[in-house]
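Participant: Would you mind keeping the following structure in view while I ask a few things?
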Amino acid sequence: MSLKIKLLGVRGSLPTPHTKKERRTFAVELLSKYLDSSDKDIDSFIDSLSHPFLYGLGGNTMCALVKTNETTLLIDGGTGIRNYIDDAMSGPLGRGKGELHIFMTHFHWDHIMGLPFFSPIYIPGNKIHFYAVQPELEDVIKQVFRRPYFPVDFKTLRSSIVFHQVEARKPFKIGDLTVTPYMLDHPDACYGPKITDSRGKTYSHAVDHEAIRMTAKELDEDLPFFQGVDLMLFDAQYSVSEAAEKINWGHSSALKGLKLAEREKIKKIVFAHHDPMHTDMMVQETAEESYVQFQNIVGKDKEVDWELAVEGREFIL
Ligand SMILES: [Zn+2]
Ligand SMILES: [Zn+2]
């Protein structure tokens with residue numbers, strides 16, 4: 001029994017391929033490392049490199065996979081959903097015998113634009129469940145599959161699609177998972193799922209969250225979303241100074257996440273929704289600076305287990 005969380009897309013707002021400049025910098029660093037390396041076997045040299053160095057943080061927009069032996073749940077349908085297609089098509093979803101659950105936090109473009117390209121939705125026999133707190137769930141998903149935005153109309157999709165409107169702060173079951181949606185601070189209504197498996201392991205998804213409410217009192221009935229969770233994905237789109245300028249844009253900084261993680265005893269926090277205007281290097285430097293800043297504020301003895309979200313990264317709880 002395990003709870004697997006796989007990050008399929010971690011970029012915010014817009015899919016972000018590497019720029020020419022980033023590719024060049026990478027090529028120069030890669031060749032320099034190789035020339036400096038005593039290991040001249042290319043495959044083993046490549047294997048020795050870290051995932052973020054070799055592949056970057058990833059340019060696809062938000063999508064996460066949450067999986068147990070029994071249940072498969074996706075959170076959102078950004079372009080990262082394409083990273084799940086091969087796995088999905090090699091299993092029951094490829095044979096029209098699959099059942100898949102998709103929880104939608106909200107409907108901004110970066111969270112829906114992969115859905116029309118998700119092949120299992122076209123295969124007869126598959127059952128796809130969509131969940132959201134927002135009552136417009138069904139309307140929005142139907143609009144995604146509509147001309148002139150997309151040539152295939154929702155009515156012609158051949159899988160069986162079921163819409164579930166769920167309630168904020170009210171737990172519901174998806175297979176062996178218990179899912180509780182909590183309100184996030186975002187310009188349009190947005191709910192992050194807290195997901196608990198049958199052993200009590202918890203994953204909280206706080207992406208597209210500005211964290212305007214920080215104190216326990218402000219968070220009030222949304223506080224359990226943060227308390228003692230095993231793994232939290234947290235919106236850290238901006239540096240501290242950008243976040244101060246972009247009030248009500250709906251995104252947060254690593255510093256806020258670190259403070260919440262320390263206070264609420266979050267076991268591991270992972271920073272995601274990387275800004276499309278930030279290079280991977282900038283994202284890395286901003287997060288490292290935020291940790292120094294955090295320790296300057298709360299004390300060097302306070303440690304938080306954190307890392308940057310990287311497309312393809314898996315966590316097993
Ligand atoms: Zn977003
Ligand atoms: Zn959003």
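Just remember, in the structure tokens the first chain shown is A, the second B, etc., residues are 1-based per chain, and ligands are 1-based in the order shown.
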Please check which protein, DNA or RNA residues sit within 6 Å of ligand 1, counting only C-alpha atoms and all ligand atoms, and write them as number ranges by chain.
Facilitator: A: 12-13, 110, 208
Participant: At a cut-off of 8 Å around ligand 2, and using only C-alpha atoms and all ligand atoms, what residues come up? Please write them as a list in words.
Facilitator: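 My answer, listing the contacting residues, is Ser13, His106, Phe107, His108, Trp109, Asp110, His111, His186, Pro187, Asp188, Cys190, Asp208 and Gly250 of chain A.
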Participant: Generate a file of the selected residues that holds C-alpha atoms, formatted as a compact mmCIF listing (two decimals), in the first residue's frame.
Facilitator:
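To be explicit, this is the file written out as part05.txt:
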# COMPACT_ATOMS: atom_id res chain seq x y z
CA SER A 13 -0.02 30.40 -16.47
CA HIS A 106 -10.63 25.94 -11.09
CA PHE A 107 -10.87 26.67 -14.80
CA HIS A 108 -8.12 29.09 -15.76
CA TRP A 109 -6.56 28.21 -19.11
CA ASP A 110 -3.41 26.72 -17.62
CA HIS A 111 -5.53 24.12 -15.82
CA HIS A 186 -7.35 33.22 -5.96
CA PRO A 187 -9.16 35.86 -8.06
CA ASP A 188 -11.68 33.29 -9.31
CA CYS A 190 -10.42 27.91 -6.53
CA ASP A 208 -3.14 28.94 -7.51
CA GLY A 250 -3.65 34.88 -7.02
Participant: Mind listing the helix (DSSP H, G or I) residues of segment 43-95 of chain A, per DSSP on the backbone, as a PyMOL selection string?
Facilitator: chain A and resi 43-47+51-55+79-89+92-95
Participant: Residues of the last selection are to be written out with C-alpha atoms, as a PDB file, in the first residue's frame.
Facilitator:
ATOM      1  CA  ASP A  43      25.350   6.993 -20.731  1.00  0.00           C
ATOM      2  CA  SER A  44      26.791   6.712 -17.252  1.00  0.00           C
ATOM      3  CA  PHE A  45      27.820  10.394 -17.358  1.00  0.00           C
ATOM      4  CA  ILE A  46      24.232  11.339 -18.254  1.00  0.00           C
ATOM      5  CA  ASP A  47      22.919   9.056 -15.475  1.00  0.00           C
ATOM      6  CA  HIS A  51      17.060  15.372 -12.895  1.00  0.00           C
ATOM      7  CA  PRO A  52      16.516  19.176 -12.686  1.00  0.00           C
ATOM      8  CA  PHE A  53      19.869  19.869 -14.353  1.00  0.00           C
ATOM      9  CA  LEU A  54      19.265  17.425 -17.171  1.00  0.00           C
ATOM     10  CA  TYR A  55      15.604  18.043 -17.862  1.00  0.00           C
ATOM     11  CA  THR A  79      -0.737  20.546 -20.632  1.00  0.00           C
ATOM     12  CA  GLY A  80       1.087  18.301 -18.139  1.00  0.00           C
ATOM     13  CA  ILE A  81      -1.739  15.809 -18.619  1.00  0.00           C
ATOM     14  CA  ARG A  82       0.015  14.705 -21.821  1.00  0.00           C
ATOM     15  CA  ASN A  83       2.737  13.192 -19.629  1.00  0.00           C
ATOM     16  CA  TYR A  84       0.170  10.711 -18.386  1.00  0.00           C
ATOM     17  CA  ILE A  85      -1.151   9.629 -21.789  1.00  0.00           C
ATOM     18  CA  ASP A  86       1.386   6.838 -22.458  1.00  0.00           C
ATOM     19  CA  ASP A  87       0.849   5.261 -19.023  1.00  0.00           C
ATOM     20  CA  ALA A  88      -2.912   5.606 -19.339  1.00  0.00           C
ATOM     21  CA  MET A  89      -3.026   4.113 -22.838  1.00  0.00           C
ATOM     22  CA  PRO A  92      -7.240  -0.301 -19.015  1.00  0.00           C
ATOM     23  CA  LEU A  93      -7.875   3.263 -20.268  1.00  0.00           C
ATOM     24  CA  GLY A  94      -6.228   2.281 -23.547  1.00  0.00           C
ATOM     25  CA  ARG A  95      -8.615  -0.655 -23.943  1.00  0.00           C
TER      26      ARG A  95
END
Participant: At most 10 Å is the cut-off: for each residue in segment 37-114 of chain A with any atom that close to an atom of segment 194-202 of chain A, write down the nearest atom pair and the distance in Å rounded to one decimal, counting only C-alpha atoms, chain first then increasing number, as JSON lines.
Facilitator:
{"residue": "A:Val66", "atom": "CA", "partner": "A:Ile195", "partner_atom": "CA", "distance": 8.7}
{"residue": "A:Lys67", "atom": "CA", "partner": "A:Asp197", "partner_atom": "CA", "distance": 9.7}
{"residue": "A:Thr68", "atom": "CA", "partner": "A:Asp197", "partner_atom": "CA", "distance": 8.1}
Participant: Would you put the residues from that selection into a file with N, CA and C atoms, as a PDB file, in the first residue's frame?
Facilitator:
ATOM      1  N   VAL A  66      -2.403  11.428  -8.592  1.00  0.00           N
ATOM      2  CA  VAL A  66      -2.422  10.852  -7.243  1.00  0.00           C
ATOM      3  C   VAL A  66      -2.918   9.419  -7.405  1.00  0.00           C
ATOM      4  N   LYS A  67      -2.131   8.453  -6.937  1.00  0.00           N
ATOM      5  CA  LYS A  67      -2.455   7.065  -7.285  1.00  0.00           C
ATOM      6  C   LYS A  67      -2.228   6.110  -6.128  1.00  0.00           C
ATOM      7  N   THR A  68      -3.179   5.233  -5.939  1.00  0.00           N
ATOM      8  CA  THR A  68      -2.982   4.066  -5.070  1.00  0.00           C
ATOM      9  C   THR A  68      -3.163   2.842  -5.970  1.00  0.00           C
TER      10      THR A  68
END
Participant: Here is a test: counting only C-alpha atoms, which residue of A:Lys217, A:Lys4, A:Arg11, A:Lys21 is nearest to Val310 of chain A?
Facilitator: A:Arg11
Participant: In terms of the shortest atom-to-atom distance over only C-alpha atoms, which of A:Lys127, A:Lys265, A:His251, A:His205 is closest to Thr105 of chain A?
Facilitator: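 Residue with the minimum atom-to-atom distance to Thr105 of chain A: A:His205.
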Participant: Can you work out the spacing between atom CA of Phe226 of chain A and atom CA of Leu317 of chain A in Å, to one decimal?
Facilitator: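 Computing the Euclidean distance for atom CA of Phe226 of chain A and atom CA of Leu317 of chain A yields 16.6 Å.
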Participant: Glu221 of chain A: which residues within 10 Å, counting only C-alpha atoms, same-chain residues fewer than 5 positions away excluded, as a list in words?
Facilitator: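 The residues satisfying every condition are Arg169, Tyr182, Met183 and Ala216 of chain A.
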Participant: Save the residues we just selected, N, CA and C atoms, as a PDB file, in the first residue's frame?
Facilitator:
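Written out: out_4.pdb:
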ATOM      1  N   ARG A 169     -15.013  21.825   2.011  1.00  0.00           N
ATOM      2  CA  ARG A 169     -14.751  21.366   3.392  1.00  0.00           C
ATOM      3  C   ARG A 169     -15.565  20.149   3.788  1.00  0.00           C
ATOM      4  N   TYR A 182     -10.628  22.480  -0.065  1.00  0.00           N
ATOM      5  CA  TYR A 182     -10.547  23.688   0.767  1.00  0.00           C
ATOM      6  C   TYR A 182     -10.395  24.914  -0.129  1.00  0.00           C
ATOM      7  N   MET A 183     -10.851  26.043   0.401  1.00  0.00           N
ATOM      8  CA  MET A 183     -10.822  27.275  -0.396  1.00  0.00           C
ATOM      9  C   MET A 183      -9.404  27.835  -0.466  1.00  0.00           C
ATOM     10  N   ALA A 216      -3.680  31.507  11.695  1.00  0.00           N
ATOM     11  CA  ALA A 216      -4.633  30.416  11.955  1.00  0.00           C
ATOM     12  C   ALA A 216      -6.051  30.983  12.018  1.00  0.00           C
TER      13      ALA A 216
END
Participant: Need to verify the contact set: segment 292-298 of chain A, 12 Å, only C-alpha atoms, exclusion of same-chain residues closer than 5 positions in sequence. Can you return it as a list in words?
Facilitator: Ser239, Val240, Ser253, Ala254, Leu255, Lys256, Gly257, Leu258, Lys259, Leu260, Ala261, Glu262, Arg263, Glu285, Thr286, Ala287, Glu303 and Val304 of chain A
Participant: What would the file look like if the residues just selected were written as an mmCIF file, in the first residue's frame with C-alpha atoms?
Facilitator:
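Below is the file that was written, result_1.cif:
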data_model
loop_
_atom_site.group_PDB
_atom_site.id
_atom_site.type_symbol
_atom_site.label_atom_id
_atom_site.label_comp_id
_atom_site.auth_asym_id
_atom_site.auth_seq_id
_atom_site.Cartn_x
_atom_site.Cartn_y
_atom_site.Cartn_z
ATOM 1 C CA SER A 239 9.704 36.178 -5.529
ATOM 2 C CA VAL A 240 8.916 38.079 -2.336
ATOM 3 C CA SER A 253 5.946 33.071 -2.758
ATOM 4 C CA ALA A 254 8.141 30.366 -1.287
ATOM 5 C CA LEU A 255 8.626 32.490 1.840
ATOM 6 C CA LYS A 256 4.929 32.294 2.711
ATOM 7 C CA GLY A 257 4.965 28.553 2.096
ATOM 8 C CA LEU A 258 7.987 28.068 4.339
ATOM 9 C CA LYS A 259 6.345 30.016 7.151
ATOM 10 C CA LEU A 260 3.164 27.964 6.872
ATOM 11 C CA ALA A 261 5.117 24.710 6.660
ATOM 12 C CA GLU A 262 7.088 25.509 9.801
ATOM 13 C CA ARG A 263 4.077 26.654 11.816
ATOM 14 C CA GLU A 285 17.804 31.071 -6.954
ATOM 15 C CA THR A 286 14.553 32.652 -5.749
ATOM 16 C CA ALA A 287 13.655 29.584 -3.697
ATOM 17 C CA GLU A 303 14.269 23.806 9.319
ATOM 18 C CA VAL A 304 11.712 22.984 6.676
#
Participant: From the set A:Ala309, A:Trp249, A:His209, A:Lys6, which residue has the shortest atom-to-atom contact distance to Asp280 of chain A, counting only C-alpha atoms?
Facilitator: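 Among the listed residues, A:Ala309 lies closest to Asp280 of chain A.
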Participant: Counting only C-alpha atoms, what is within 12 Å of Glu22 of chain A, bar same-chain residues fewer than 2 positions away, as a ChimeraX atom specification?
Facilitator: /A:16-20,24-29,53,55-56,278-282
Participant: Could you write out that same residue set with C-alpha atoms as a PDB file, in the first residue's frame?
Facilitator:
ATOM      1  CA  THR A  16       6.978  27.443 -21.301  1.00  0.00           C
ATOM      2  CA  PRO A  17       9.486  25.767 -23.590  1.00  0.00           C
ATOM      3  CA  HIS A  18      13.097  26.645 -22.912  1.00  0.00           C
ATOM      4  CA  THR A  19      14.324  29.729 -24.723  1.00  0.00           C
ATOM      5  CA  LYS A  20      17.285  29.645 -27.103  1.00  0.00           C
ATOM      6  CA  ARG A  24      22.613  27.434 -25.073  1.00  0.00           C
ATOM      7  CA  THR A  25      23.514  27.924 -21.406  1.00  0.00           C
ATOM      8  CA  PHE A  26      22.556  24.293 -20.774  1.00  0.00           C
ATOM      9  CA  ALA A  27      24.628  23.051 -23.711  1.00  0.00           C
ATOM     10  CA  VAL A  28      27.695  24.954 -22.503  1.00  0.00           C
ATOM     11  CA  GLU A  29      27.305  23.667 -18.914  1.00  0.00           C
ATOM     12  CA  PHE A  53      19.869  19.869 -14.353  1.00  0.00           C
ATOM     13  CA  TYR A  55      15.604  18.043 -17.862  1.00  0.00           C
ATOM     14  CA  GLY A  56      14.931  21.451 -16.326  1.00  0.00           C
ATOM     15  CA  HIS A 278      11.353  32.975 -14.910  1.00  0.00           C
ATOM     16  CA  THR A 279      14.141  30.764 -16.165  1.00  0.00           C
ATOM     17  CA  ASP A 280      14.767  27.549 -14.256  1.00  0.00           C
ATOM     18  CA  MET A 281      17.857  29.168 -12.795  1.00  0.00           C
ATOM     19  CA  MET A 282      15.833  32.140 -11.534  1.00  0.00           C
TER      20      MET A 282
END
Participant: If we count only C-alpha atoms and set the cut-off at 10 Å, which residues sit around Pro171 of chain A, ignoring sequence neighbours fewer than 3 positions away in its own chain? Please answer as a tab-separated table (two decimals) with N, CA and C atoms, in the first residue's frame.
Facilitator:
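Once written, around-v2.tsv looks like this:
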chain	number	residue	atom	x	y	z
A	166	VAL	N	-19.10	18.89	-5.81
A	166	VAL	CA	-18.81	18.53	-4.42
A	166	VAL	C	-18.82	19.80	-3.57
A	167	GLU	N	-18.80	19.59	-2.25
A	167	GLU	CA	-18.92	20.75	-1.34
A	167	GLU	C	-17.59	21.08	-0.70
A	168	ALA	N	-17.36	22.38	-0.52
A	168	ALA	CA	-16.14	22.81	0.15
A	168	ALA	C	-16.15	22.29	1.58
A	174	ILE	N	-13.25	8.90	-3.17
A	174	ILE	CA	-12.99	8.43	-4.52
A	174	ILE	C	-12.20	7.15	-4.33
A	177	LEU	N	-9.54	6.73	-1.54
A	177	LEU	CA	-9.05	8.05	-1.13
A	177	LEU	C	-10.20	8.88	-0.55
A	178	THR	N	-9.87	9.68	0.46
A	178	THR	CA	-10.84	10.66	0.97
A	178	THR	C	-10.35	12.03	0.52
A	179	VAL	N	-11.23	12.76	-0.14
A	179	VAL	CA	-10.85	14.05	-0.72
A	179	VAL	C	-11.69	15.14	-0.05
A	180	THR	N	-10.99	16.18	0.44
A	180	THR	CA	-11.71	17.32	1.03
A	180	THR	C	-11.23	18.58	0.33
A	181	PRO	N	-12.13	19.30	-0.36
A	181	PRO	CA	-11.71	20.53	-1.04
A	181	PRO	C	-11.71	21.72	-0.06
A	182	TYR	N	-10.63	22.48	-0.06
A	182	TYR	CA	-10.55	23.69	0.77
A	182	TYR	C	-10.39	24.91	-0.13
A	193	PRO	N	-7.60	20.30	-3.23
A	193	PRO	CA	-7.97	19.09	-2.53
A	193	PRO	C	-6.93	18.68	-1.50
A	194	LYS	N	-7.41	18.27	-0.33
A	194	LYS	CA	-6.57	17.54	0.63
A	194	LYS	C	-6.97	16.08	0.50
A	195	ILE	N	-5.99	15.25	0.25
A	195	ILE	CA	-6.28	13.85	-0.09
A	195	ILE	C	-5.65	12.94	0.96
A	196	THR	N	-6.46	12.06	1.50
A	196	THR	CA	-5.99	11.16	2.57
A	196	THR	C	-6.22	9.72	2.12
Participant: Could you please determine the separation between atom CA of Ser159 of chain A and atom CA of Met113 of chain A in Å, to one decimal place?
Facilitator: 18.7 Å
Participant: Report as an MDAnalysis selection string: the residues of segment 230-296 of chain A with a DSSP assignment of strand (DSSP E or B), based on the backbone of this structure.
Facilitator: chainID A and resid 231:235 238 253 269:272 274
Participant: I want to know what sits within 8 Å of Ile161 of chain A, based on only C-alpha atoms, with residues of the same chain fewer than 3 positions away left out; could you give that as a VMD selection string?
Facilitator: chain A and resid 127 to 130
